[in-house]
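Engineer: This is the structure I have questions about; it appears just below.
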Amino acid sequence: MGAMGDVTKGRRAAAAVLRAVARGRRLDLALSEAVAHLSDQDRRWVHESSYGATRFRGRLDHLLDIHLRNGLSSLSPLVLDYLRLGAYQLLFMDGVPSYAAISQTVDQVKEVAGAGGGRMANGVLRSLEREGGEASRFPGYSEDPEAHLSTWGSHPKWMIRRWLKRLGPEAVRRLVDTNNTPAPVYFRPLGVTLDEARDLLRDEGFFGEVVGKGIPCLRLKDGTNPARLLERVPGFIQDPGAALVTEYADVWGEDLVADLCAAPGGKTLALAHSGAYVLAADRSMPRLALLRENLERVGGRVDLVAALAEKPPFRELPVLLLDVPCSGTGTLRRHPDARWRLTPDSLRRLAELQGKMLEAGAQIVRPGGVLVYSTCTLEPEENQEQVEGFLSRNPRFAMAGTKSVPEQYVDSQGRLLVTPHDTGFDGAFAARMVRTS
């Protein structure tokens, strides 16, 4: 990673990623900007350290707090980020020698907090190296599940509290463990069967395994370069949770489908390749540009429209997919920064927006038409409660489940429900409703 004495490019880039996330930038975007001019080896290092320090921030903060005389609140946000990165290297990155993790972190802290700051960082990290980060240093799971799952499990306390009330400790422990393991990468082939795609991948030196009955995805071998794969085999990267939404929608053979929150476009592409003509609308022009890039690569009958889902520019649609903005608590494994960005208030605001989108969508579905509402969250006020409220206000609509996905992914009301801790996939929810006369 570079000569000792100078702070390495990788460590500077990892700190820049955490700083950008603290300012509100999404982790994946902050990472791609910070590593643009680095070697492949350094990119991998920055990815591992910045994602890891973000994923395990709750665990690292608990340990650092034990060793800080005046607690975490005595540190500036920048010094705290340096210490998180140093602690992550010490505890999780076997390839990094302890002396390098400590001395490099001390040099970074000295730059912003002087010699005294450097001495503090040195003392804290040496204590941490000596005493380790075992589970015994944390509140016990059986005595205090909330404290254990928010510190060792590294999730915000408010989130753990609401999950415990609804799911119980064992399910929450499994959910937290799932969220703390890096997400596999899945590939959805287009225009070929799963077996044909698997053979094509093998011929090109890639390896993919079929995920399960009724799921149109292959799980890629760890370390596969998705960009290289997409150049050679027709398809796109999509988690089975998201893939199950378009299977559940069950609109194959329809002539026209509108997707009102379309970007970045996985569901649009799947619908287009089912034979439908898709009107793909989104409020974000940059995200629509991403969708256009994907379309140029894989094709499909799609028209792109910049529009707000609350004020859709369509009428009398046979099928409407409303894949609404949501808290994304089903995808925290893939987006570890989201757990720290969300608040109870953001859930309330999102539920309000989703309700407006549903009401607007109801106005543009023709009699006999289908409205599919979907999210990638686990929260009832964005899922079950949202749909139940909508149906009680709109008696013209009725639930119309489908047999197009395996029954283990469908709840007692006929709604799609995919949970990460039971499946290993991203969380997904969908309700398929038909407008009666």
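Chain lettering (A, B, ...) mirrors the order of the structure tokens, residue numbering begins at 1 for each chain separately, and ligand numbering begins at 1 in order of display.
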Using backbone DSSP assignments, extract all strand (DSSP E or B) residues from stretch 167-390 of chain A; output them as a ChimeraX atom specification.
Structural biologist: /A:186-189,208-210,218-220,235-237,256-259,277-282,302-306,317-323,365-375
Engineer: Neighbouring residues of A:Glu131 were defined as those with any atom within 10 Å, considering only C-alpha atoms; residues of the same chain fewer than 6 positions away were excluded. Please report them as a ChimeraX atom specification.
Structural biologist: /A:63,67,125,137
Engineer: Would you save the residues from that selection as a PDB file, in the first residue's frame, using C-alpha atoms?
Structural biologist:
```pdb
ATOM      1  CA  LEU A  63     -14.968  -0.536  21.503  1.00  0.00           C
ATOM      2  CA  HIS A  67     -10.693   3.034  25.513  1.00  0.00           C
ATOM      3  CA  LEU A 125      -5.419   1.687  19.213  1.00  0.00           C
ATOM      4  CA  ARG A 137     -16.581  -6.955  25.429  1.00  0.00           C
TER       5      ARG A 137
END
```
Engineer: Mind the document's chain letters and residue numbers, and return as a ChimeraX atom specification the residues of stretch 145-336 of chain A that DSSP labels alpha helix (DSSP H).
Structural biologist: /A:145-151,157-167,169-179,194-203,226-232,240-249,266-272,285-298
Engineer: Hey, could you make a per-residue contact list for stretch 199-310 of chain A against stretch 322-327 of chain A with 8 Å as the cut-off, showing the nearest pair of atoms and its distance in Å to one decimal, counting only C-alpha atoms, sorted by chain and number, as a Markdown table?
Structural biologist:
```
| residue | atom | partner | partner_atom | distance |
| --- | --- | --- | --- | --- |
| A:Asp259 | CA | A:Leu322 | CA | 6.2 |
| A:Leu260 | CA | A:Leu322 | CA | 5.6 |
| A:Cys261 | CA | A:Asp323 | CA | 5.7 |
| A:Ala262 | CA | A:Asp323 | CA | 7.4 |
```
Engineer: May I have the residues within 10 Å of stretch 203-213 of chain A as a PyMOL selection string, using only C-alpha atoms and disregarding those fewer than 6 positions away in the same chain?
Structural biologist: chain A and resi 185-187+194-195+197+219-222+224-226+228-229+232-233+240+405-406
Engineer: For those residues, write C-alpha atoms to a file as a PDB file, in the first residue's frame.
Structural biologist:
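again-v9.pdb written:
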```pdb
ATOM      1  CA  VAL A 185     -23.889 -10.564  -6.703  1.00  0.00           C
ATOM      2  CA  TYR A 186     -26.699 -11.994  -8.839  1.00  0.00           C
ATOM      3  CA  PHE A 187     -27.138 -11.913 -12.607  1.00  0.00           C
ATOM      4  CA  LEU A 194     -30.968 -19.933 -16.963  1.00  0.00           C
ATOM      5  CA  ASP A 195     -29.230 -23.133 -18.095  1.00  0.00           C
ATOM      6  CA  ALA A 197     -26.903 -18.476 -19.476  1.00  0.00           C
ATOM      7  CA  ARG A 219     -25.590 -16.260  -8.202  1.00  0.00           C
ATOM      8  CA  LEU A 220     -22.126 -15.234  -9.396  1.00  0.00           C
ATOM      9  CA  LYS A 221     -18.941 -16.579  -7.908  1.00  0.00           C
ATOM     10  CA  ASP A 222     -17.374 -14.129  -5.413  1.00  0.00           C
ATOM     11  CA  THR A 224     -16.597 -11.845 -10.482  1.00  0.00           C
ATOM     12  CA  ASN A 225     -16.154  -8.551 -12.329  1.00  0.00           C
ATOM     13  CA  PRO A 226     -19.762  -7.597 -13.285  1.00  0.00           C
ATOM     14  CA  ARG A 228     -16.675  -7.724 -17.847  1.00  0.00           C
ATOM     15  CA  LEU A 229     -19.515 -10.205 -17.582  1.00  0.00           C
ATOM     16  CA  ARG A 232     -20.206 -10.857 -22.897  1.00  0.00           C
ATOM     17  CA  VAL A 233     -23.568 -12.240 -21.770  1.00  0.00           C
ATOM     18  CA  PRO A 240     -33.545 -12.211  -6.528  1.00  0.00           C
ATOM     19  CA  VAL A 405     -43.864 -17.044  -7.723  1.00  0.00           C
ATOM     20  CA  PRO A 406     -43.169 -19.928  -5.286  1.00  0.00           C
TER      21      PRO A 406
END
```
Engineer: Using only C-alpha atoms, find the one residue out of A:Pro336, A:Gly123, A:Gly95, A:Gly389 that sits nearest to A:Thr54.
Structural biologist: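 When distances to A:Thr54 are compared using only C-alpha atoms, the smallest one comes from A:Pro336.
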Engineer: Mind checking which residues fall within 8 Å of stretch 109-121 of chain A, counting only C-alpha atoms, ignoring those fewer than 5 positions away in the same chain, and posting them as a list in words?
Structural biologist: Val79, Tyr82 and Leu83 of chain A
Engineer: Write the selection just made, keeping N, CA and C atoms, as a tab-separated table (two decimals), in the first residue's frame?
Structural biologist:
```tsv
chain	number	residue	atom	x	y	z
A	79	VAL	N	-11.54	12.98	13.28
A	79	VAL	CA	-10.67	12.11	14.08
A	79	VAL	C	-11.38	10.77	14.35
A	82	TYR	N	-11.06	8.57	11.35
A	82	TYR	CA	-9.71	7.96	11.28
A	82	TYR	C	-9.60	6.78	12.24
A	83	LEU	N	-10.12	6.96	13.46
A	83	LEU	CA	-10.03	5.89	14.46
A	83	LEU	C	-10.88	4.68	14.06
```
